[in-house]
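Asker: This is the content of model_24.cif (mmCIF, C-alpha atoms):
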```cif
data_target
#
loop_
_atom_site.label_atom_id
_atom_site.label_comp_id
_atom_site.auth_asym_id
_atom_site.auth_seq_id
_atom_site.Cartn_x
_atom_site.Cartn_y
_atom_site.Cartn_z
CA LEU L 983 116.86 152.39 113.95
CA LEU L 984 118.31 149.68 111.73
CA ASN L 985 117.85 150.60 108.06
CA ILE L 986 117.29 147.54 105.89
CA ASN L 987 116.87 147.50 102.11
CA VAL L 988 115.38 144.23 100.91
CA GLY L 989 115.17 143.95 97.13
CA GLY L 990 114.85 147.75 96.75
CA LYS L 991 112.24 148.21 99.49
CA LEU L 992 113.24 150.04 102.69
CA PHE L 993 112.38 148.78 106.18
CA GLN L 994 113.23 150.37 109.52
CA ILE L 995 113.25 148.53 112.81
CA ALA L 996 114.66 149.34 116.24
CA TYR L 997 117.95 147.75 117.30
CA LYS L 998 116.53 146.63 120.63
CA VAL L 999 113.67 144.79 118.86
CA VAL L 1000 115.88 142.63 116.64
CA ALA L 1001 118.40 142.16 119.49
CA ARG L 1002 115.76 140.08 121.29
CA TYR L 1003 116.47 137.31 118.76
CA PRO L 1004 120.30 137.12 118.75
CA ILE L 1005 120.50 133.89 116.71
CA THR L 1006 118.71 135.42 113.71
CA ARG L 1007 120.54 137.21 110.90
CA LEU L 1008 119.24 140.65 111.82
CA GLY L 1009 119.85 139.96 115.51
CA LYS L 1010 123.50 139.24 114.79
CA LEU L 1011 123.66 142.34 112.59
CA ALA L 1012 122.40 144.48 115.50
CA LEU L 1013 124.68 142.93 118.14
CA HIS L 1014 127.99 142.73 116.21
CA THR L 1015 130.37 145.63 116.68
CA ASP L 1016 132.91 144.49 114.09
CA PRO L 1017 132.06 146.10 110.68
CA MET L 1018 133.60 143.17 108.76
CA LYS L 1019 131.30 140.68 110.46
CA LYS L 1020 128.33 142.90 109.67
CA LEU L 1021 129.28 143.00 105.98
CA GLN L 1022 129.39 139.19 105.95
CA LEU L 1023 125.74 139.11 107.05
CA CYS L 1024 124.41 141.33 104.23
CA ASP L 1025 124.93 141.64 100.48
CA ASP L 1026 125.95 145.32 100.48
CA TYR L 1027 126.16 148.40 102.71
CA SER L 1028 125.60 152.10 101.92
CA VAL L 1029 127.73 154.36 104.12
CA GLN L 1030 125.89 157.57 103.15
CA LYS L 1031 122.46 156.14 104.02
CA ASN L 1032 123.68 153.77 106.76
CA GLU L 1033 121.63 151.13 104.96
CA TYR L 1034 122.14 147.35 104.78
CA PHE L 1035 121.11 145.79 101.48
CA PHE L 1036 119.78 142.22 101.10
CA ASP L 1037 119.10 140.77 97.66
CA ARG L 1038 116.02 138.83 98.75
CA ASP L 1039 112.29 138.85 98.05
CA PRO L 1040 110.69 141.89 99.78
CA SER L 1041 107.20 140.33 99.75
CA ILE L 1042 108.40 137.51 102.01
CA PHE L 1043 110.35 139.90 104.22
CA HIS L 1044 107.03 141.51 105.21
CA TYR L 1045 106.40 138.34 107.25
CA ILE L 1046 109.91 138.47 108.73
CA PHE L 1047 109.40 142.13 109.60
CA HIS L 1048 106.09 141.30 111.29
CA PHE L 1049 107.79 138.52 113.27
CA TYR L 1050 110.30 140.92 114.84
CA ARG L 1051 107.49 143.31 115.83
CA SER L 1052 105.01 140.74 117.15
CA GLY L 1053 107.06 137.62 117.91
CA VAL L 1054 104.76 135.48 115.72
CA LEU L 1055 105.75 134.15 112.31
CA TRP L 1056 103.03 134.17 109.68
CA ILE L 1057 103.07 131.39 107.08
CA MET L 1058 102.42 132.07 103.41
CA ASP L 1059 100.04 129.36 102.23
CA GLU L 1060 100.17 130.50 98.61
CA MET L 1061 103.94 130.05 98.39
CA CYS L 1062 105.91 126.88 97.70
CA PRO L 1063 106.75 125.30 101.11
CA SER L 1064 110.35 124.57 100.09
CA ASN L 1065 110.91 128.18 98.99
CA PHE L 1066 109.35 129.59 102.15
CA VAL L 1067 111.50 127.35 104.38
CA GLU L 1068 114.58 128.40 102.42
CA GLU L 1069 113.75 132.08 102.98
CA ILE L 1070 113.14 131.83 106.72
CA GLU L 1071 116.30 129.73 107.11
CA TYR L 1072 118.25 132.50 105.39
CA TRP L 1073 116.98 135.00 107.95
CA GLY L 1074 117.71 132.52 110.74
CA ILE L 1075 114.12 132.18 111.93
CA HIS L 1076 112.79 128.79 113.00
CA LEU L 1077 109.35 127.50 112.09
CA LYS L 1078 108.59 126.98 115.80
CA TYR L 1079 107.80 130.71 116.12
CA SER L 1080 104.63 130.23 114.05
CA GLN L 1081 101.23 129.34 115.47
CA ARG L 1082 100.78 125.61 116.13
CA CYS L 1083 97.67 125.26 113.96
CA CYS L 1084 99.35 126.96 110.99
CA ARG L 1085 102.54 124.96 111.53
CA ILE L 1086 100.64 121.65 111.45
CA LEU L 1087 98.93 122.56 108.16
CA PHE L 1088 102.23 123.76 106.71
CA GLU L 1089 104.04 120.54 107.69
CA GLU L 1090 101.24 118.50 106.12
CA LYS L 1091 101.67 120.49 102.93
CA GLN L 1092 105.41 119.86 103.06
CA ASP L 1093 104.83 116.12 103.46
CA GLU L 1094 102.40 116.11 100.53
CA LEU L 1095 104.94 117.90 98.36
CA SER L 1096 107.73 115.51 99.39
CA GLU L 1097 105.51 112.50 98.64
CA TYR L 1098 104.53 113.99 95.28
CA LEU L 1099 108.17 114.58 94.31
CA LYS L 1100 109.11 111.08 95.46
CA ILE L 1101 106.37 109.50 93.34
CA GLN L 1102 107.33 111.65 90.34
CA LYS L 1103 110.93 110.45 90.66
CA GLU L 1104 109.87 106.81 90.93
CA LEU L 1105 107.53 107.16 87.95
CA GLU L 1106 110.38 108.55 85.84
CA ALA L 1107 112.62 105.67 87.02
CA GLU L 1108 109.86 103.22 86.04
CA LEU L 1109 110.17 104.24 82.39
CA GLU L 1110 113.90 104.83 82.46
CA PRO L 1111 115.77 101.91 80.81
CA LEU L 1112 118.29 99.88 82.77
CA ASP L 1113 121.13 101.15 80.57
CA SER L 1114 121.60 104.15 78.33
CA ALA L 1115 123.22 104.53 74.93
CA GLU L 1116 126.07 106.58 76.42
CA GLN L 1117 127.22 103.72 78.69
CA PHE L 1118 128.52 101.68 75.76
CA GLU L 1119 131.11 104.23 74.69
CA GLY L 1120 134.65 102.96 75.10
CA LYS L 1121 133.60 99.43 76.06
CA PHE L 1122 134.31 96.12 74.36
CA LEU L 1123 132.23 95.87 71.16
CA GLY L 1124 130.49 99.05 72.29
CA ARG L 1125 128.98 99.92 68.92
CA PHE L 1126 127.68 96.38 68.37
CA ARG L 1127 126.21 96.14 71.88
CA LYS L 1128 124.64 99.58 71.51
CA MET L 1129 122.96 98.46 68.28
CA ILE L 1130 121.55 95.34 69.98
CA TRP L 1131 120.44 97.43 72.98
CA ASN L 1132 118.50 99.78 70.70
CA LEU L 1133 116.84 96.81 68.98
CA ILE L 1134 115.73 95.19 72.26
CA GLU L 1135 115.23 98.03 74.73
CA ASN L 1136 114.35 101.04 72.59
CA PRO L 1137 111.41 100.18 70.29
CA TYR L 1138 111.17 103.80 69.07
CA SER L 1139 114.75 103.86 67.76
CA SER L 1140 114.03 102.13 64.43
CA VAL L 1141 111.50 100.07 62.46
CA PRO L 1142 113.26 96.72 63.22
CA ALA L 1143 113.13 97.58 66.94
CA LYS L 1144 109.37 98.15 66.69
CA ILE L 1145 108.97 94.84 64.87
CA ILE L 1146 110.91 92.99 67.60
CA ALA L 1147 108.75 94.63 70.30
CA VAL L 1148 105.57 93.54 68.49
CA MET L 1149 106.96 90.04 67.93
CA SER L 1150 107.79 89.74 71.64
CA SER L 1151 104.18 90.48 72.62
CA PHE L 1152 102.91 88.23 69.82
CA PHE L 1153 104.99 85.24 70.96
CA VAL L 1154 103.86 85.73 74.56
CA LEU L 1155 100.21 85.56 73.46
CA ILE L 1156 100.88 82.58 71.18
CA SER L 1157 102.64 80.77 74.03
CA ILE L 1158 99.73 81.36 76.42
CA VAL L 1159 97.21 80.22 73.80
CA GLY L 1160 99.31 77.11 73.12
CA MET L 1161 99.50 76.26 76.81
CA THR L 1162 95.72 76.69 77.09
CA LEU L 1163 94.96 74.52 74.06
CA SER L 1164 97.31 71.76 75.28
CA THR L 1165 94.85 71.09 78.13
CA VAL L 1166 91.90 70.57 75.74
CA GLU L 1167 91.00 66.88 75.43
CA GLU L 1168 90.80 67.01 71.62
CA MET L 1169 94.40 68.35 71.42
CA LYS L 1170 95.90 65.56 73.50
CA HIS L 1171 96.13 63.09 70.62
CA LYS L 1172 99.46 62.47 68.88
CA THR L 1173 99.14 65.06 66.08
CA GLY L 1174 97.81 67.85 68.30
CA LYS L 1175 100.42 67.17 70.96
CA MET L 1176 103.20 67.28 68.36
CA TRP L 1177 101.97 70.67 67.10
CA MET L 1178 101.82 72.05 70.63
CA GLU L 1179 105.37 70.85 71.36
CA GLN L 1180 106.70 72.43 68.18
CA LEU L 1181 104.94 75.70 69.01
CA GLU L 1182 106.41 75.62 72.51
CA MET L 1183 109.88 75.02 71.08
CA ILE L 1184 109.60 77.98 68.69
CA CYS L 1185 108.43 80.27 71.50
CA ALA L 1186 111.20 79.05 73.81
CA ILE L 1187 113.83 79.67 71.12
CA PHE L 1188 112.57 83.22 70.56
CA PHE L 1189 112.44 83.99 74.30
CA THR L 1190 115.94 82.54 74.78
CA SER L 1191 117.34 84.60 71.90
CA GLU L 1192 115.69 87.71 73.32
CA TYR L 1193 117.11 87.05 76.79
CA LEU L 1194 120.62 86.42 75.46
CA MET L 1195 120.50 89.61 73.38
CA ARG L 1196 119.54 91.58 76.50
CA LEU L 1197 122.34 89.90 78.44
CA ILE L 1198 124.93 90.70 75.75
CA SER L 1199 123.83 94.31 75.45
CA SER L 1200 123.78 94.94 79.22
CA SER L 1201 126.51 97.25 80.52
CA SER L 1202 126.38 95.75 84.04
CA PHE L 1203 125.81 92.03 84.66
CA LYS L 1204 124.89 92.65 88.31
CA ASN L 1205 122.24 95.25 87.44
CA PHE L 1206 120.93 92.95 84.72
CA LEU L 1207 120.30 90.13 87.20
CA ARG L 1208 118.67 92.47 89.72
CA ALA L 1209 116.17 93.92 87.23
CA ALA L 1210 112.61 92.63 87.73
CA PHE L 1211 111.77 92.38 84.02
CA ASN L 1212 114.87 90.28 83.35
CA ALA L 1213 113.86 87.92 86.17
CA VAL L 1214 110.45 87.54 84.48
CA ASP L 1215 112.19 86.75 81.18
CA LEU L 1216 114.27 84.07 82.90
CA VAL L 1217 111.18 82.51 84.49
CA ALA L 1218 109.56 82.49 81.04
CA ILE L 1219 112.27 80.32 79.46
CA LEU L 1220 113.37 78.09 82.36
CA PRO L 1221 110.33 75.72 82.35
CA PHE L 1222 111.08 74.56 78.81
CA TYR L 1223 114.68 73.57 79.58
CA ILE L 1224 113.87 72.11 83.01
CA GLN L 1225 111.19 69.97 81.38
CA ILE L 1226 113.71 68.67 78.83
CA LEU L 1227 116.19 67.96 81.63
CA PHE L 1228 113.65 66.02 83.70
CA GLU L 1229 112.52 64.02 80.69
CA ASN L 1230 116.11 63.03 79.91
CA LEU L 1231 116.73 62.07 83.53
CA ASP L 1232 113.73 59.75 83.60
CA GLU L 1233 114.92 56.35 84.80
CA GLY L 1234 112.99 54.54 82.09
CA ASP L 1235 114.70 56.58 79.33
CA THR L 1236 111.30 56.80 77.61
CA LEU L 1237 111.50 57.89 73.99
CA TYR L 1238 107.85 58.18 73.15
CA HIS L 1239 105.74 60.90 74.65
CA GLU L 1240 102.78 58.57 75.02
CA GLU L 1241 104.76 56.27 77.31
CA LEU L 1242 106.18 59.26 79.18
CA HIS L 1243 102.63 60.53 79.75
CA LYS L 1244 101.71 57.15 81.30
CA VAL L 1245 104.74 57.36 83.59
CA GLU L 1246 103.79 60.93 84.61
CA ASN L 1247 100.42 59.81 85.91
CA VAL L 1248 101.95 57.45 88.47
CA SER L 1249 105.31 59.00 89.31
CA LYS L 1250 106.54 61.96 91.29
CA LEU L 1251 108.34 63.12 88.17
CA GLY L 1252 104.97 63.70 86.50
CA LYS L 1253 103.84 66.01 89.30
CA VAL L 1254 107.05 68.01 89.04
CA LEU L 1255 106.68 68.27 85.27
CA LYS L 1256 103.10 69.50 85.61
CA LEU L 1257 104.24 72.14 88.08
CA ILE L 1258 107.04 73.23 85.75
CA LYS L 1259 104.65 73.44 82.82
CA LEU L 1260 102.31 75.55 84.92
CA MET L 1261 105.13 78.08 85.43
CA ARG L 1262 104.76 79.02 81.77
CA ILE L 1263 101.73 81.09 82.77
CA PHE L 1264 104.17 83.68 84.16
CA ARG L 1265 105.12 84.52 80.57
CA ILE L 1266 102.12 86.79 80.46
CA LEU L 1267 104.05 89.11 82.81
CA LYS L 1268 106.39 89.83 79.88
CA LEU L 1269 103.62 91.96 78.42
CA ALA L 1270 104.29 94.50 81.19
CA ARG L 1271 107.52 95.46 79.41
CA HIS L 1272 105.49 97.03 76.58
CA SER L 1273 102.25 97.82 78.46
CA THR L 1274 101.88 101.10 80.33
CA GLY L 1275 98.69 99.85 82.01
CA LEU L 1276 100.39 96.79 83.53
CA ARG L 1277 103.29 98.95 84.70
CA ALA L 1278 100.87 101.39 86.29
CA PHE L 1279 99.10 98.48 88.03
CA GLY L 1280 102.36 97.12 89.44
CA PHE L 1281 103.44 100.61 90.50
CA THR L 1282 100.08 101.15 92.24
CA MET L 1283 100.45 97.90 94.17
CA ARG L 1284 103.95 98.90 95.31
CA GLN L 1285 102.87 102.38 96.37
CA CYS L 1286 99.65 101.24 98.07
CA TYR L 1287 100.93 98.13 99.81
CA GLN L 1288 99.76 99.51 103.16
CA GLN L 1289 96.18 99.92 101.92
CA VAL L 1290 96.28 96.45 100.34
CA CYS L 1291 97.56 94.88 103.58
CA CYS L 1292 94.85 96.80 105.45
CA LEU L 1293 92.20 95.39 103.10
CA PHE L 1294 93.42 91.81 103.66
CA LEU L 1295 93.51 92.42 107.41
CA PHE L 1296 89.88 93.61 107.40
CA ILE L 1297 88.84 90.64 105.27
CA ALA L 1298 90.58 88.22 107.65
CA MET L 1299 88.94 89.86 110.66
CA GLY L 1300 85.53 89.67 108.98
CA VAL L 1301 85.99 86.02 107.99
CA PHE L 1302 86.99 84.94 111.50
CA THR L 1303 84.31 87.03 113.22
CA PHE L 1304 81.30 86.10 111.09
CA SER L 1305 82.29 82.44 110.73
CA ALA L 1306 82.43 82.16 114.53
CA LEU L 1307 79.04 83.90 114.88
CA MET L 1308 77.46 81.72 112.19
CA HIS L 1309 78.78 78.53 113.76
CA SER L 1310 77.47 79.53 117.18
CA VAL L 1311 73.89 80.06 115.90
CA GLU L 1312 73.76 77.24 113.31
CA HIS L 1313 75.75 74.30 114.72
CA ASP L 1314 72.70 72.73 116.44
CA VAL L 1315 70.59 72.68 113.24
CA PRO L 1316 70.27 69.11 111.84
CA GLY L 1317 72.16 68.63 108.58
CA THR L 1318 73.89 72.00 108.76
CA ASN L 1319 77.10 72.64 106.87
CA PHE L 1320 78.40 74.91 109.64
CA THR L 1321 79.75 72.00 111.69
CA SER L 1322 82.87 73.95 112.74
CA ILE L 1323 84.34 77.42 112.44
CA PRO L 1324 86.88 76.38 109.73
CA TYR L 1325 83.99 74.97 107.66
CA ALA L 1326 82.25 78.36 107.93
CA TRP L 1327 85.31 80.26 106.60
CA TRP L 1328 84.38 79.64 102.98
CA TRP L 1329 80.85 80.94 103.50
CA ALA L 1330 82.17 84.06 105.28
CA ALA L 1331 84.73 84.73 102.51
CA VAL L 1332 82.22 84.54 99.64
CA SER L 1333 79.66 86.57 101.60
CA LEU L 1334 82.18 89.32 102.41
CA SER L 1335 83.13 89.53 98.74
CA THR L 1336 79.38 89.87 97.94
CA VAL L 1337 79.68 86.96 95.47
CA GLY L 1338 77.52 84.56 97.49
CA TYR L 1339 77.59 81.19 95.71
CA GLY L 1340 74.62 79.88 97.71
CA ASP L 1341 76.30 76.49 98.27
CA THR L 1342 76.14 77.07 102.04
CA VAL L 1343 73.23 79.02 103.51
CA PRO L 1344 71.91 79.57 107.04
CA ASP L 1345 68.59 77.98 108.08
CA THR L 1346 67.69 79.94 111.22
CA VAL L 1347 66.50 83.52 111.60
CA LEU L 1348 69.55 84.42 113.68
CA GLY L 1349 71.79 82.87 111.04
CA ARG L 1350 70.20 85.00 108.33
CA MET L 1351 70.66 88.11 110.46
CA VAL L 1352 74.37 87.24 110.83
CA ALA L 1353 74.56 86.69 107.06
CA PHE L 1354 72.96 90.08 106.42
CA ALA L 1355 75.48 91.76 108.75
CA CYS L 1356 78.33 89.93 106.99
CA ILE L 1357 77.17 91.03 103.51
CA SER L 1358 76.65 94.64 104.69
CA PHE L 1359 80.13 94.70 106.17
CA GLY L 1360 81.51 93.35 102.88
CA ILE L 1361 79.80 96.11 100.86
CA ILE L 1362 81.24 98.81 103.13
CA LEU L 1363 84.66 97.13 103.13
CA ASN L 1364 84.85 96.87 99.34
CA GLY L 1365 83.92 100.52 98.93
CA MET L 1366 86.75 101.91 101.07
CA PRO L 1367 90.27 100.86 99.96
CA ILE L 1368 89.30 99.81 96.44
CA SER L 1369 88.22 103.35 95.54
CA ILE L 1370 91.58 104.64 96.80
CA LEU L 1371 93.44 102.06 94.73
CA TYR L 1372 91.44 102.88 91.61
CA ASN L 1373 92.00 106.64 91.96
CA LYS L 1374 95.72 106.17 92.44
CA PHE L 1375 95.91 103.74 89.53
CA SER L 1376 94.20 106.29 87.25
CA ASP L 1377 96.56 109.02 88.42
CA TYR L 1378 99.71 106.89 88.01
CA TYR L 1379 98.59 105.63 84.60
CA ALA L 1380 98.04 109.20 83.33
CA LYS L 1381 101.44 110.29 84.65
CA LEU L 1382 103.23 107.27 83.20
CA LYS L 1383 101.58 107.87 79.84
CA ALA L 1384 102.62 111.54 79.94
CA HIS L 1385 106.23 110.64 80.81
CA GLU L 1386 106.24 108.00 78.07
CA ASN L 1387 105.05 110.53 75.48
CA GLU L 1388 107.66 113.05 76.60
CA THR L 1389 110.39 110.41 76.36
#
```
In structure tokens, how does this file's structure come out?
Answerer:
Amino acid sequence: LLNINVGGKLFQIAYKVVARYPITRLGKLALHTDPMKKLQLCDDYSVQKNEYFFDRDPSIFHYIFHFYRSGVLWIMDEMCPSNFVEEIEYWGIHLKYSQRCCRILFEEKQDELSEYLKIQKELEAELEPLDSAEQFEGKFLGRFRKMIWNLIENPYSSVPAKIIAVMSSFFVLISIVGMTLSTVEEMKHKTGKMWMEQLEMICAIFFTSEYLMRLISSSSFKNFLRAAFNAVDLVAILPFYIQILFENLDEGDTLYHEELHKVENVSKLGKVLKLIKLMRIFRILKLARHSTGLRAFGFTMRQCYQQVCCLFLFIAMGVFTFSALMHSVEHDVPGTNFTSIPYAWWWAAVSLSTVGYGDTVPDTVLGRMVAFACISFGIILNGMPISILYNKFSDYYAKLKAHENET
């Protein structure tokens, strides 16, 4: 018999039993004749008791012991999968010796744990700043750049940093409100337009100063350009300067905004300027820098891109299918709006979304049956992936909030 002491608990097993598995640790221990090689396989050896000692968990070794006697490895469901795999690898036993049904469940549990750890790591990276205070030590103007970094990137470091964070969100909201009011007819006169331009200039100056301070305080220029939030900041300030550049390049060299507005209505330059002005709407994305909810939403979209793509695929399939069915049953009706399948796409899209504007409706009984099937499919479709997205969003938001509080 082979005497084995695992964590203070004694086990005895026949040499010929463990020798059936020569690649395992105990199999090698039974087959080796060199005492030095045997000592390398265990933690200690008692000559008086002829006992090999292993400093491992005896509760897990019960399953190893059962494997040598029966040839089947039992899996401990209540134990951490990583720890259990580490233990059986120490004893040299492969997971293939377990029952297939148990192995499938265990591998699923391993995958769930790996996915959980991956998401936890990504959530921590989501809140982790691009740089850290330690990276400025020993660099050019390190103390000054560290002070600016704390003001811009670490709102909890001081009262001025909190004020700057609040001002950043405030100027984003003011900029969006200004852009909205500039489209109101009453604000298009000379005085209102002048106020809107001055407000836009103040916001652009603040955003530019904020961007330059982040650029100065960055420890790596390459990492700064690759960061998503910094790209959003750049998009927030570029429209203002591109608009100024286009206005100065106008061939008429127009000085008055009223004349420039007349030129915009008839020139290609006006269309470009309107598109550039519309880009200012992306400034609202700057709020994500200080909003845990927006970060959680973006993180959910990144993690659930497969479900989102699946949702769009189902919507596209539904639109094409029901628009073709509706056209086939309604195209002979006089005065129908379903004159072709592309014309029926809009009806299928609004019916699938269960909005149903009523601007296009079927006239025949068969058409109404198709419409009912389309609406029913839309209700089922909306209830499947959206619930998954909402549950994951709630989970990620709670975890982000917890990490933020810990930080």
Asker: For Thr1274 of chain L, list every protein, DNA or RNA residue within 10 Å, evaluated using only C-alpha atoms, and leave out those in the same chain fewer than 5 positions away; present the list as a VMD selection string.
Answerer: chain L and resid 1109 1269 1279 to 1280 1378 to 1380 1382 to 1383 1386
Asker: So which residues get picked by the PyMOL selection byres ((chain L and resi 1362) around 12) here, written as a PDB file with C-alpha atoms, in the frame of the given file?
Answerer:
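Result written to part08.pdb:
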```pdb
ATOM      1  CA  LEU L1293      92.200  95.390 103.100  1.00  0.00           C
ATOM      2  CA  PHE L1296      89.880  93.610 107.400  1.00  0.00           C
ATOM      3  CA  ILE L1297      88.840  90.640 105.270  1.00  0.00           C
ATOM      4  CA  GLY L1300      85.530  89.670 108.980  1.00  0.00           C
ATOM      5  CA  LEU L1334      82.180  89.320 102.410  1.00  0.00           C
ATOM      6  CA  SER L1335      83.130  89.530  98.740  1.00  0.00           C
ATOM      7  CA  THR L1336      79.380  89.870  97.940  1.00  0.00           C
ATOM      8  CA  ALA L1355      75.480  91.760 108.750  1.00  0.00           C
ATOM      9  CA  CYS L1356      78.330  89.930 106.990  1.00  0.00           C
ATOM     10  CA  ILE L1357      77.170  91.030 103.510  1.00  0.00           C
ATOM     11  CA  SER L1358      76.650  94.640 104.690  1.00  0.00           C
ATOM     12  CA  PHE L1359      80.130  94.700 106.170  1.00  0.00           C
ATOM     13  CA  GLY L1360      81.510  93.350 102.880  1.00  0.00           C
ATOM     14  CA  ILE L1361      79.800  96.110 100.860  1.00  0.00           C
ATOM     15  CA  LEU L1363      84.660  97.130 103.130  1.00  0.00           C
ATOM     16  CA  ASN L1364      84.850  96.870  99.340  1.00  0.00           C
ATOM     17  CA  GLY L1365      83.920 100.520  98.930  1.00  0.00           C
ATOM     18  CA  MET L1366      86.750 101.910 101.070  1.00  0.00           C
ATOM     19  CA  PRO L1367      90.270 100.860  99.960  1.00  0.00           C
ATOM     20  CA  ILE L1368      89.300  99.810  96.440  1.00  0.00           C
ATOM     21  CA  SER L1369      88.220 103.350  95.540  1.00  0.00           C
TER      22      SER L1369
END
```
Asker: Please expand the PyMOL selection byres ((chain L and resi 1091-1107) around 12) into the concrete residues it hits in this file, giving the result as a CSV table (one decimal) with C-alpha atoms, in the coordinates of the input.
Answerer:
```csv
chain,number,residue,atom,x,y,z
L,1057,ILE,CA,103.1,131.4,107.1
L,1058,MET,CA,102.4,132.1,103.4
L,1059,ASP,CA,100.0,129.4,102.2
L,1060,GLU,CA,100.2,130.5,98.6
L,1061,MET,CA,103.9,130.0,98.4
L,1062,CYS,CA,105.9,126.9,97.7
L,1063,PRO,CA,106.8,125.3,101.1
L,1064,SER,CA,110.4,124.6,100.1
L,1065,ASN,CA,110.9,128.2,99.0
L,1066,PHE,CA,109.4,129.6,102.2
L,1067,VAL,CA,111.5,127.4,104.4
L,1084,CYS,CA,99.4,127.0,111.0
L,1085,ARG,CA,102.5,125.0,111.5
L,1086,ILE,CA,100.6,121.6,111.4
L,1087,LEU,CA,98.9,122.6,108.2
L,1088,PHE,CA,102.2,123.8,106.7
L,1089,GLU,CA,104.0,120.5,107.7
L,1090,GLU,CA,101.2,118.5,106.1
L,1108,GLU,CA,109.9,103.2,86.0
L,1109,LEU,CA,110.2,104.2,82.4
L,1110,GLU,CA,113.9,104.8,82.5
L,1111,PRO,CA,115.8,101.9,80.8
L,1112,LEU,CA,118.3,99.9,82.8
L,1113,ASP,CA,121.1,101.2,80.6
L,1274,THR,CA,101.9,101.1,80.3
L,1277,ARG,CA,103.3,99.0,84.7
L,1278,ALA,CA,100.9,101.4,86.3
L,1280,GLY,CA,102.4,97.1,89.4
L,1281,PHE,CA,103.4,100.6,90.5
L,1282,THR,CA,100.1,101.2,92.2
L,1284,ARG,CA,104.0,98.9,95.3
L,1285,GLN,CA,102.9,102.4,96.4
L,1286,CYS,CA,99.6,101.2,98.1
L,1374,LYS,CA,95.7,106.2,92.4
L,1377,ASP,CA,96.6,109.0,88.4
L,1378,TYR,CA,99.7,106.9,88.0
L,1379,TYR,CA,98.6,105.6,84.6
L,1380,ALA,CA,98.0,109.2,83.3
L,1381,LYS,CA,101.4,110.3,84.6
L,1382,LEU,CA,103.2,107.3,83.2
L,1383,LYS,CA,101.6,107.9,79.8
L,1384,ALA,CA,102.6,111.5,79.9
L,1385,HIS,CA,106.2,110.6,80.8
L,1386,GLU,CA,106.2,108.0,78.1
L,1387,ASN,CA,105.0,110.5,75.5
L,1388,GLU,CA,107.7,113.0,76.6
L,1389,THR,CA,110.4,110.4,76.4
```
Asker: Run through the PyMOL selection byres ((chain L and resi 1271) around 10) on the given coordinates and return the selected residues as a list in words.
Answerer: Leu1109, Glu1135, Ala1147, Ser1150, Ser1151, Phe1211, Asn1212, Val1214, Leu1267, Lys1268, Leu1269, Ala1270, His1272, Ser1273, Thr1274, Leu1276 and Arg1277 of chain L
Asker: Looking at L:Tyr997, L:Trp1073, L:Trp1327, L:Phe1264, which one is nearest to Asp1037 of chain L, with distances taken over all atoms listed in the file?
Answerer: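 Nearest to Asp1037 of chain L: L:Trp1073.
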Asker: Pick out the closest residue to His1076 of chain L from this set: L:Pro1344, L:Gly1160, L:Gly1275, L:Gly1053. Count all atoms listed in the file.
Answerer: L:Gly1053
Asker: Determine the nearest neighbour of Ser1199 of chain L from the options L:Arg1125, L:Arg1082, L:Lys1175, L:His1313, counting only C-alpha atoms.
Answerer: L:Arg1125
Asker: If you count all atoms listed in the file, which residues fall within 10 Å of Leu1021 of chain L, apart from same-chain ones fewer than 4 positions away, as a list in words?
Answerer: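 After dropping sequence-adjacent residues, the list is Leu1011, Asp1016, Pro1017, Asp1025, Asp1026, Tyr1027, Tyr1034 and Phe1035 of chain L.
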Asker: I need the residue nearest Glu1179 of chain L from this list: L:Lys1259, L:Arg1265, L:Lys1144, L:Lys1020. Use all atoms listed in the file for the distance.
Answerer: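 Closest residue, counting all atoms listed in the file: L:Lys1259.
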Asker: Within 10 Å of (117.1, 76.5, 77.7) (file coordinates; all atoms listed in the file), which protein or nucleic acid residues are there? I'd like them as a PDB file with C-alpha atoms, keeping the file's coordinate frame.
Answerer:
```
ATOM      1  CA  MET L1183     109.880  75.020  71.080  1.00  0.00           C
ATOM      2  CA  ALA L1186     111.200  79.050  73.810  1.00  0.00           C
ATOM      3  CA  ILE L1187     113.830  79.670  71.120  1.00  0.00           C
ATOM      4  CA  PHE L1189     112.440  83.990  74.300  1.00  0.00           C
ATOM      5  CA  THR L1190     115.940  82.540  74.780  1.00  0.00           C
ATOM      6  CA  SER L1191     117.340  84.600  71.900  1.00  0.00           C
ATOM      7  CA  LEU L1216     114.270  84.070  82.900  1.00  0.00           C
ATOM      8  CA  ILE L1219     112.270  80.320  79.460  1.00  0.00           C
ATOM      9  CA  LEU L1220     113.370  78.090  82.360  1.00  0.00           C
ATOM     10  CA  PRO L1221     110.330  75.720  82.350  1.00  0.00           C
ATOM     11  CA  PHE L1222     111.080  74.560  78.810  1.00  0.00           C
ATOM     12  CA  TYR L1223     114.680  73.570  79.580  1.00  0.00           C
ATOM     13  CA  ILE L1224     113.870  72.110  83.010  1.00  0.00           C
ATOM     14  CA  GLN L1225     111.190  69.970  81.380  1.00  0.00           C
ATOM     15  CA  ILE L1226     113.710  68.670  78.830  1.00  0.00           C
ATOM     16  CA  LEU L1227     116.190  67.960  81.630  1.00  0.00           C
TER      17      LEU L1227
END
```
Asker: Measuring between all atoms listed in the file, which one of L:His1014, L:His1048, L:Lys1078, L:Lys1204 shows the shortest distance to Ala1001 of chain L?
Answerer: L:His1014
Asker: Could you jot down the atom CA of His1171 of chain L to atom CA of Ile1184 of chain L separation for me, Å, one decimal place?
Answerer: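 Straight-line distance from atom CA of His1171 of chain L to atom CA of Ile1184 of chain L works out to 20.2 Å.
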Asker: Atom CA of Asp1039 of chain L to atom CA of Lys1019 of chain L: how many Å, to one decimal?
Answerer: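 These atoms are spaced 22.8 Å apart.
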